[in-house]
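Structure data follow from data.pdb (PDB, C-alpha atoms):
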ATOM      1  CA  MET A  25     148.662  98.241 116.801  1.00  0.00           C
ATOM      2  CA  ILE A  26     146.835  97.567 120.073  1.00  0.00           C
ATOM      3  CA  ARG A  27     146.596 101.293 120.707  1.00  0.00           C
ATOM      4  CA  ARG A  28     144.966 101.866 117.292  1.00  0.00           C
ATOM      5  CA  ALA A  29     142.470  99.004 117.911  1.00  0.00           C
ATOM      6  CA  LEU A  30     141.555 100.483 121.305  1.00  0.00           C
ATOM      7  CA  LEU A  31     141.024 103.929 119.748  1.00  0.00           C
ATOM      8  CA  LEU A  32     138.773 102.456 117.055  1.00  0.00           C
ATOM      9  CA  LEU A  33     136.813 100.503 119.663  1.00  0.00           C
ATOM     10  CA  LEU A  34     136.411 103.604 121.832  1.00  0.00           C
ATOM     11  CA  ALA A  35     135.244 105.661 118.840  1.00  0.00           C
ATOM     12  CA  ALA A  36     132.707 102.961 117.901  1.00  0.00           C
ATOM     13  CA  LEU A  37     131.370 102.853 121.467  1.00  0.00           C
ATOM     14  CA  LEU A  38     130.974 106.635 121.551  1.00  0.00           C
ATOM     15  CA  LEU A  39     129.091 106.631 118.253  1.00  0.00           C
ATOM     16  CA  CYS A  40     126.759 103.856 119.397  1.00  0.00           C
ATOM     17  CA  ALA A  41     126.120 105.484 122.781  1.00  0.00           C
ATOM     18  CA  GLY A  42     125.083 108.735 121.123  1.00  0.00           C
ATOM     19  CA  ALA A  43     122.656 107.126 118.694  1.00  0.00           C
ATOM     20  CA  GLY A  44     119.076 107.066 119.959  1.00  0.00           C
ATOM     21  CA  GLN A  45     116.130 105.068 118.754  1.00  0.00           C
ATOM     22  CA  ALA A  46     114.281 106.641 115.850  1.00  0.00           C
ATOM     23  CA  GLN A  47     110.720 107.717 116.641  1.00  0.00           C
ATOM     24  CA  ALA A  48     108.900 107.838 113.312  1.00  0.00           C
ATOM     25  CA  ALA A  49     105.554 109.655 113.326  1.00  0.00           C
ATOM     26  CA  GLY A  50     104.320 107.524 110.468  1.00  0.00           C
ATOM     27  CA  TYR A  51     104.432 107.293 106.709  1.00  0.00           C
ATOM     28  CA  ARG A  52     103.240 109.768 104.117  1.00  0.00           C
ATOM     29  CA  TYR A  53     101.170 107.938 101.551  1.00  0.00           C
ATOM     30  CA  TRP A  54      97.948 107.857  99.570  1.00  0.00           C
ATOM     31  CA  SER A  55      95.436 105.575 101.294  1.00  0.00           C
ATOM     32  CA  PHE A  56      92.679 104.022  99.191  1.00  0.00           C
ATOM     33  CA  TRP A  57      89.053 103.951 100.363  1.00  0.00           C
ATOM     34  CA  GLU A  58      85.638 102.753  99.232  1.00  0.00           C
ATOM     35  CA  ARG A  59      82.347 104.381 100.146  1.00  0.00           C
ATOM     36  CA  ASP A  60      79.819 102.077 101.835  1.00  0.00           C
ATOM     37  CA  ALA A  61      76.498 103.954 102.057  1.00  0.00           C
ATOM     38  CA  ASP A  62      77.370 106.925 104.273  1.00  0.00           C
ATOM     39  CA  ARG A  63      80.844 105.938 105.514  1.00  0.00           C
ATOM     40  CA  TRP A  64      84.358 105.410 104.194  1.00  0.00           C
ATOM     41  CA  VAL A  65      85.843 101.903 104.479  1.00  0.00           C
ATOM     42  CA  TYR A  66      89.570 101.229 104.055  1.00  0.00           C
ATOM     43  CA  ALA A  67      89.912  99.228 100.832  1.00  0.00           C
ATOM     44  CA  THR A  68      91.013  95.633 101.247  1.00  0.00           C
ATOM     45  CA  GLN A  69      92.544  95.627  97.753  1.00  0.00           C
ATOM     46  CA  GLY A  70      94.655  98.209  96.025  1.00  0.00           C
ATOM     47  CA  PRO A  71      93.227 100.344  93.233  1.00  0.00           C
ATOM     48  CA  SER A  72      94.858  98.189  90.558  1.00  0.00           C
ATOM     49  CA  LEU A  73      92.812  95.173  91.714  1.00  0.00           C
ATOM     50  CA  ALA A  74      89.549  96.924  92.593  1.00  0.00           C
ATOM     51  CA  ARG A  75      86.622  96.265  90.256  1.00  0.00           C
ATOM     52  CA  PRO A  76      84.002  98.882  91.120  1.00  0.00           C
ATOM     53  CA  SER A  77      80.379  98.535  90.082  1.00  0.00           C
ATOM     54  CA  ASP A  78      78.245 101.205  88.492  1.00  0.00           C
ATOM     55  CA  GLY A  79      77.405 103.727  91.208  1.00  0.00           C
ATOM     56  CA  ASP A  80      80.398 103.057  93.472  1.00  0.00           C
ATOM     57  CA  VAL A  81      82.467 105.783  95.127  1.00  0.00           C
ATOM     58  CA  GLN A  82      86.213 105.400  95.627  1.00  0.00           C
ATOM     59  CA  GLY A  83      88.513 107.799  97.438  1.00  0.00           C
ATOM     60  CA  PHE A  84      92.173 108.595  98.006  1.00  0.00           C
ATOM     61  CA  ARG A  85      93.567 110.520 100.970  1.00  0.00           C
ATOM     62  CA  PHE A  86      97.141 111.786 101.350  1.00  0.00           C
ATOM     63  CA  ALA A  87      98.132 111.762 105.005  1.00  0.00           C
ATOM     64  CA  VAL A  88     100.642 110.668 107.605  1.00  0.00           C
ATOM     65  CA  SER A  89      99.645 107.373 109.235  1.00  0.00           C
ATOM     66  CA  GLU A  90     101.451 104.678 111.177  1.00  0.00           C
ATOM     67  CA  ASP A  91      99.487 101.889 109.450  1.00  0.00           C
ATOM     68  CA  SER A  92      96.126 101.143 107.842  1.00  0.00           C
ATOM     69  CA  ALA A  93      94.396 100.990 111.235  1.00  0.00           C
ATOM     70  CA  SER A  94      95.240 104.654 111.860  1.00  0.00           C
ATOM     71  CA  ALA A  95      94.789 105.840 108.266  1.00  0.00           C
ATOM     72  CA  VAL A  96      92.865 109.075 107.848  1.00  0.00           C
ATOM     73  CA  ARG A  97      89.662 108.900 105.794  1.00  0.00           C
ATOM     74  CA  PRO A  98      88.870 111.262 102.934  1.00  0.00           C
ATOM     75  CA  ARG A  99      87.026 114.289 104.271  1.00  0.00           C
ATOM     76  CA  GLY A 100      84.284 114.300 101.641  1.00  0.00           C
ATOM     77  CA  THR A 101      80.862 113.064 102.709  1.00  0.00           C
ATOM     78  CA  ALA A 102      79.052 113.292  99.369  1.00  0.00           C
ATOM     79  CA  GLY A 103      77.590 110.127  97.932  1.00  0.00           C
ATOM     80  CA  PHE A 104      77.370 108.943  94.358  1.00  0.00           C
ATOM     81  CA  ALA A 105      74.014 110.615  93.693  1.00  0.00           C
ATOM     82  CA  SER A 106      75.329 114.086  94.478  1.00  0.00           C
ATOM     83  CA  ILE A 107      78.740 113.652  92.809  1.00  0.00           C
ATOM     84  CA  CYS A 108      77.436 112.148  89.585  1.00  0.00           C
ATOM     85  CA  ALA A 109      73.906 113.578  89.515  1.00  0.00           C
ATOM     86  CA  LYS A 110      74.268 114.880  85.951  1.00  0.00           C
ATOM     87  CA  THR A 111      75.845 111.729  84.500  1.00  0.00           C
ATOM     88  CA  PRO A 112      73.138 109.447  83.101  1.00  0.00           C
ATOM     89  CA  ALA A 113      73.471 105.677  83.143  1.00  0.00           C
ATOM     90  CA  ARG A 114      74.419 104.126  79.786  1.00  0.00           C
ATOM     91  CA  GLU A 115      74.247 100.528  78.681  1.00  0.00           C
ATOM     92  CA  GLY A 116      77.645  98.824  78.829  1.00  0.00           C
ATOM     93  CA  ARG A 117      79.277 101.654  80.836  1.00  0.00           C
ATOM     94  CA  LYS A 118      80.128 102.182  84.494  1.00  0.00           C
ATOM     95  CA  ARG A 119      79.859 105.407  86.439  1.00  0.00           C
ATOM     96  CA  VAL A 120      82.317 105.555  89.344  1.00  0.00           C
ATOM     97  CA  ALA A 121      82.724 108.643  91.513  1.00  0.00           C
ATOM     98  CA  LEU A 122      86.259 109.473  92.625  1.00  0.00           C
ATOM     99  CA  VAL A 123      87.105 111.607  95.663  1.00  0.00           C
ATOM    100  CA  ILE A 124      90.682 112.880  95.962  1.00  0.00           C
ATOM    101  CA  ASP A 125      91.653 114.491  99.270  1.00  0.00           C
ATOM    102  CA  PHE A 126      95.110 116.078  99.124  1.00  0.00           C
ATOM    103  CA  GLY A 127      95.341 116.194 102.925  1.00  0.00           C
ATOM    104  CA  THR A 128      96.286 119.058 105.194  1.00  0.00           C
ATOM    105  CA  PRO A 129      99.368 121.315 105.225  1.00  0.00           C
ATOM    106  CA  SER A 130     100.698 119.382 108.238  1.00  0.00           C
ATOM    107  CA  ASP A 131     100.677 116.180 106.139  1.00  0.00           C
ATOM    108  CA  ALA A 132     102.751 117.725 103.349  1.00  0.00           C
ATOM    109  CA  PRO A 133     106.502 117.142 103.229  1.00  0.00           C
ATOM    110  CA  GLY A 134     108.696 120.140 103.965  1.00  0.00           C
ATOM    111  CA  GLY A 135     109.407 122.542 101.144  1.00  0.00           C
TER
END

What do you get writing this file as structure tokens?
Amino acid sequence: MIRRALLLLLAALLLCAGAGQAQAAGYRYWSFWERDADRWVYATQGPSLARPSDGDVQGFRFAVSEDSASAVRPRGTAGFASICAKTPAREGRKRVALVIDFGTPSDAPGG
């Protein structure tokens, strides 16, 4: 009985000694952005809570980031006027430009 307990304890110690700390490079996710004049700003609310005004630009970027402080901005630089130039304003309607950046091949999961 004591011999079996010692073997189990030894096996547990060997398993724990061989396990290293995980070093995650970050998380793959879609970050949500809002365009403020000529720059992207990380959205303070998620897209389900955002209430854009007529003429706003929103963007999504798929990337690997450790947190929101290191999130990668959408690569598009176009503003509302160039994205929606051919969409006239209409009473009671909103025009919101949407930029979707699918990221780079290095951001994509394997396979």

| task | Could you expand the PyMOL selection byres ((chain A and resi 88-94) around 6) into the explicit residues it covers here, written as a PyMOL selection string? | result | chain A and resi 50-52+87+95+131

Please enumerate the residues selected by the PyMOL selection byres ((chain A and resi 103) around 8) when evaluated against the supplied file, formatted as a PDB file with C-alpha atoms, in the frame of the given file.
ATOM      1  CA  ARG A  59      82.347 104.381 100.146  1.00  0.00           C
ATOM      2  CA  ALA A  61      76.498 103.954 102.057  1.00  0.00           C
ATOM      3  CA  ASP A  62      77.370 106.925 104.273  1.00  0.00           C
ATOM      4  CA  VAL A  81      82.467 105.783  95.127  1.00  0.00           C
ATOM      5  CA  THR A 101      80.862 113.064 102.709  1.00  0.00           C
ATOM      6  CA  ALA A 102      79.052 113.292  99.369  1.00  0.00           C
ATOM      7  CA  PHE A 104      77.370 108.943  94.358  1.00  0.00           C
ATOM      8  CA  ALA A 105      74.014 110.615  93.693  1.00  0.00           C
ATOM      9  CA  SER A 106      75.329 114.086  94.478  1.00  0.00           C
ATOM     10  CA  ILE A 107      78.740 113.652  92.809  1.00  0.00           C
TER      11      ILE A 107
END

Q: Give me, please, the distance in Å between atom CA of Ala121 of chain A and atom CA of Tyr66 of chain A, quoted to one decimal.
A: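 Atom-to-atom, atom CA of Ala121 of chain A to atom CA of Tyr66 of chain A, that is 16.1 Å.
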
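Omitting Asp60 of chain A and its sequence neighbours fewer than 4 positions away, and counting only C-alpha atoms, the residues within 9 Å are A:Trp64, A:Val65, A:Asp80, A:Val81.
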
- prompt: Rounded to one decimal in Å, what is the spacing between atom CA of Ser77 of chain A and atom CA of Glu115 of chain A?
  reply: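 About the pair atom CA of Ser77 of chain A and atom CA of Glu115 of chain A: they are 13.1 Å apart.
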
| query | Could you spell out the hits of the PyMOL selection byres ((chain A and resi 119) around 10) on the shown file, as a list in words? | reply |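 Applied to this file, the PyMOL selection byres ((chain A and resi 119) around 10) selects Pro76, Ser77, Asp78, Gly79, Asp80, Val81, Phe104, Cys108, Thr111, Pro112, Ala113, Arg114, Arg117, Lys118, Val120, Ala121 and Leu122 of chain A.
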
Kindly output segment 76-87 of chain A as an mmCIF file, in the frame of the given file, after building all heavy atoms.
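Dumped everything to part31.cif:
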data_model
loop_
_atom_site.group_PDB
_atom_site.id
_atom_site.type_symbol
_atom_site.label_atom_id
_atom_site.label_comp_id
_atom_site.auth_asym_id
_atom_site.auth_seq_id
_atom_site.Cartn_x
_atom_site.Cartn_y
_atom_site.Cartn_z
ATOM 1 N N PRO A 76 85.221 98.218 90.638
ATOM 2 C CA PRO A 76 84.002 98.882 91.120
ATOM 3 C C PRO A 76 82.806 98.593 90.224
ATOM 4 O O PRO A 76 82.953 98.303 89.036
ATOM 5 C CB PRO A 76 84.376 100.364 91.074
ATOM 6 C CG PRO A 76 85.434 100.450 90.030
ATOM 7 C CD PRO A 76 86.191 99.157 90.099
ATOM 8 N N SER A 77 81.633 98.687 90.817
ATOM 9 C CA SER A 77 80.379 98.535 90.082
ATOM 10 C C SER A 77 79.846 99.910 89.725
ATOM 11 O O SER A 77 80.284 100.930 90.288
ATOM 12 C CB SER A 77 79.356 97.812 90.958
ATOM 13 O OG SER A 77 79.815 96.524 91.278
ATOM 14 N N ASP A 78 78.892 99.948 88.840
ATOM 15 C CA ASP A 78 78.245 101.205 88.492
ATOM 16 C C ASP A 78 77.630 101.803 89.767
ATOM 17 O O ASP A 78 76.938 101.109 90.511
ATOM 18 C CB ASP A 78 77.151 100.963 87.453
ATOM 19 C CG ASP A 78 76.497 102.256 87.017
ATOM 20 O OD1 ASP A 78 77.198 103.086 86.406
ATOM 21 O OD2 ASP A 78 75.300 102.447 87.305
ATOM 22 N N GLY A 79 77.938 103.050 90.027
ATOM 23 C CA GLY A 79 77.405 103.727 91.208
ATOM 24 C C GLY A 79 78.301 103.698 92.428
ATOM 25 O O GLY A 79 77.946 104.225 93.475
ATOM 26 N N ASP A 80 79.470 103.094 92.334
ATOM 27 C CA ASP A 80 80.398 103.057 93.472
ATOM 28 C C ASP A 80 81.139 104.382 93.613
ATOM 29 O O ASP A 80 81.265 105.150 92.661
ATOM 30 C CB ASP A 80 81.424 101.927 93.305
ATOM 31 C CG ASP A 80 80.850 100.565 93.637
ATOM 32 O OD1 ASP A 80 79.705 100.491 94.121
ATOM 33 O OD2 ASP A 80 81.560 99.563 93.397
ATOM 34 N N VAL A 81 81.638 104.610 94.836
ATOM 35 C CA VAL A 81 82.467 105.783 95.127
ATOM 36 C C VAL A 81 83.783 105.281 95.697
ATOM 37 O O VAL A 81 83.805 104.489 96.634
ATOM 38 C CB VAL A 81 81.790 106.738 96.137
ATOM 39 C CG1 VAL A 81 82.675 107.936 96.416
ATOM 40 C CG2 VAL A 81 80.417 107.180 95.640
ATOM 41 N N GLN A 82 84.884 105.728 95.126
ATOM 42 C CA GLN A 82 86.213 105.400 95.627
ATOM 43 C C GLN A 82 86.904 106.698 96.026
ATOM 44 O O GLN A 82 86.606 107.760 95.477
ATOM 45 C CB GLN A 82 87.036 104.682 94.561
ATOM 46 C CG GLN A 82 86.453 103.348 94.171
ATOM 47 C CD GLN A 82 87.274 102.653 93.110
ATOM 48 O OE1 GLN A 82 87.865 103.283 92.247
ATOM 49 N NE2 GLN A 82 87.312 101.335 93.172
ATOM 50 N N GLY A 83 87.832 106.597 96.984
ATOM 51 C CA GLY A 83 88.513 107.799 97.438
ATOM 52 C C GLY A 83 89.968 107.548 97.765
ATOM 53 O O GLY A 83 90.366 106.425 98.119
ATOM 54 N N PHE A 84 90.762 108.603 97.624
ATOM 55 C CA PHE A 84 92.173 108.595 98.006
ATOM 56 C C PHE A 84 92.393 109.724 98.999
ATOM 57 O O PHE A 84 91.839 110.811 98.843
ATOM 58 C CB PHE A 84 93.078 108.832 96.793
ATOM 59 C CG PHE A 84 93.118 107.685 95.834
ATOM 60 C CD1 PHE A 84 92.217 107.604 94.787
ATOM 61 C CD2 PHE A 84 94.064 106.683 95.978
ATOM 62 C CE1 PHE A 84 92.255 106.550 93.886
ATOM 63 C CE2 PHE A 84 94.112 105.625 95.081
ATOM 64 C CZ PHE A 84 93.206 105.563 94.036
ATOM 65 N N ARG A 85 93.225 109.480 100.004
ATOM 66 C CA ARG A 85 93.567 110.520 100.970
ATOM 67 C C ARG A 85 95.072 110.489 101.203
ATOM 68 O O ARG A 85 95.642 109.456 101.522
ATOM 69 C CB ARG A 85 92.834 110.290 102.290
ATOM 70 C CG ARG A 85 93.309 111.137 103.464
ATOM 71 C CD ARG A 85 92.871 112.594 103.335
ATOM 72 N NE ARG A 85 93.496 113.456 104.317
ATOM 73 C CZ ARG A 85 92.919 113.888 105.426
ATOM 74 N NH1 ARG A 85 91.701 113.524 105.710
ATOM 75 N NH2 ARG A 85 93.567 114.686 106.245
ATOM 76 N N PHE A 86 95.718 111.665 101.041
ATOM 77 C CA PHE A 86 97.141 111.786 101.350
ATOM 78 C C PHE A 86 97.259 112.214 102.798
ATOM 79 O O PHE A 86 96.668 113.209 103.216
ATOM 80 C CB PHE A 86 97.810 112.821 100.450
ATOM 81 C CG PHE A 86 99.288 112.895 100.645
ATOM 82 C CD1 PHE A 86 100.121 111.955 100.068
ATOM 83 C CD2 PHE A 86 99.854 113.888 101.421
ATOM 84 C CE1 PHE A 86 101.493 112.002 100.248
ATOM 85 C CE2 PHE A 86 101.227 113.946 101.603
ATOM 86 C CZ PHE A 86 102.044 113.000 101.019
ATOM 87 N N ALA A 87 97.999 111.442 103.584
ATOM 88 C CA ALA A 87 98.132 111.762 105.005
ATOM 89 C C ALA A 87 99.332 111.035 105.592
ATOM 90 O O ALA A 87 99.966 110.206 104.943
ATOM 91 C CB ALA A 87 96.869 111.372 105.758
#
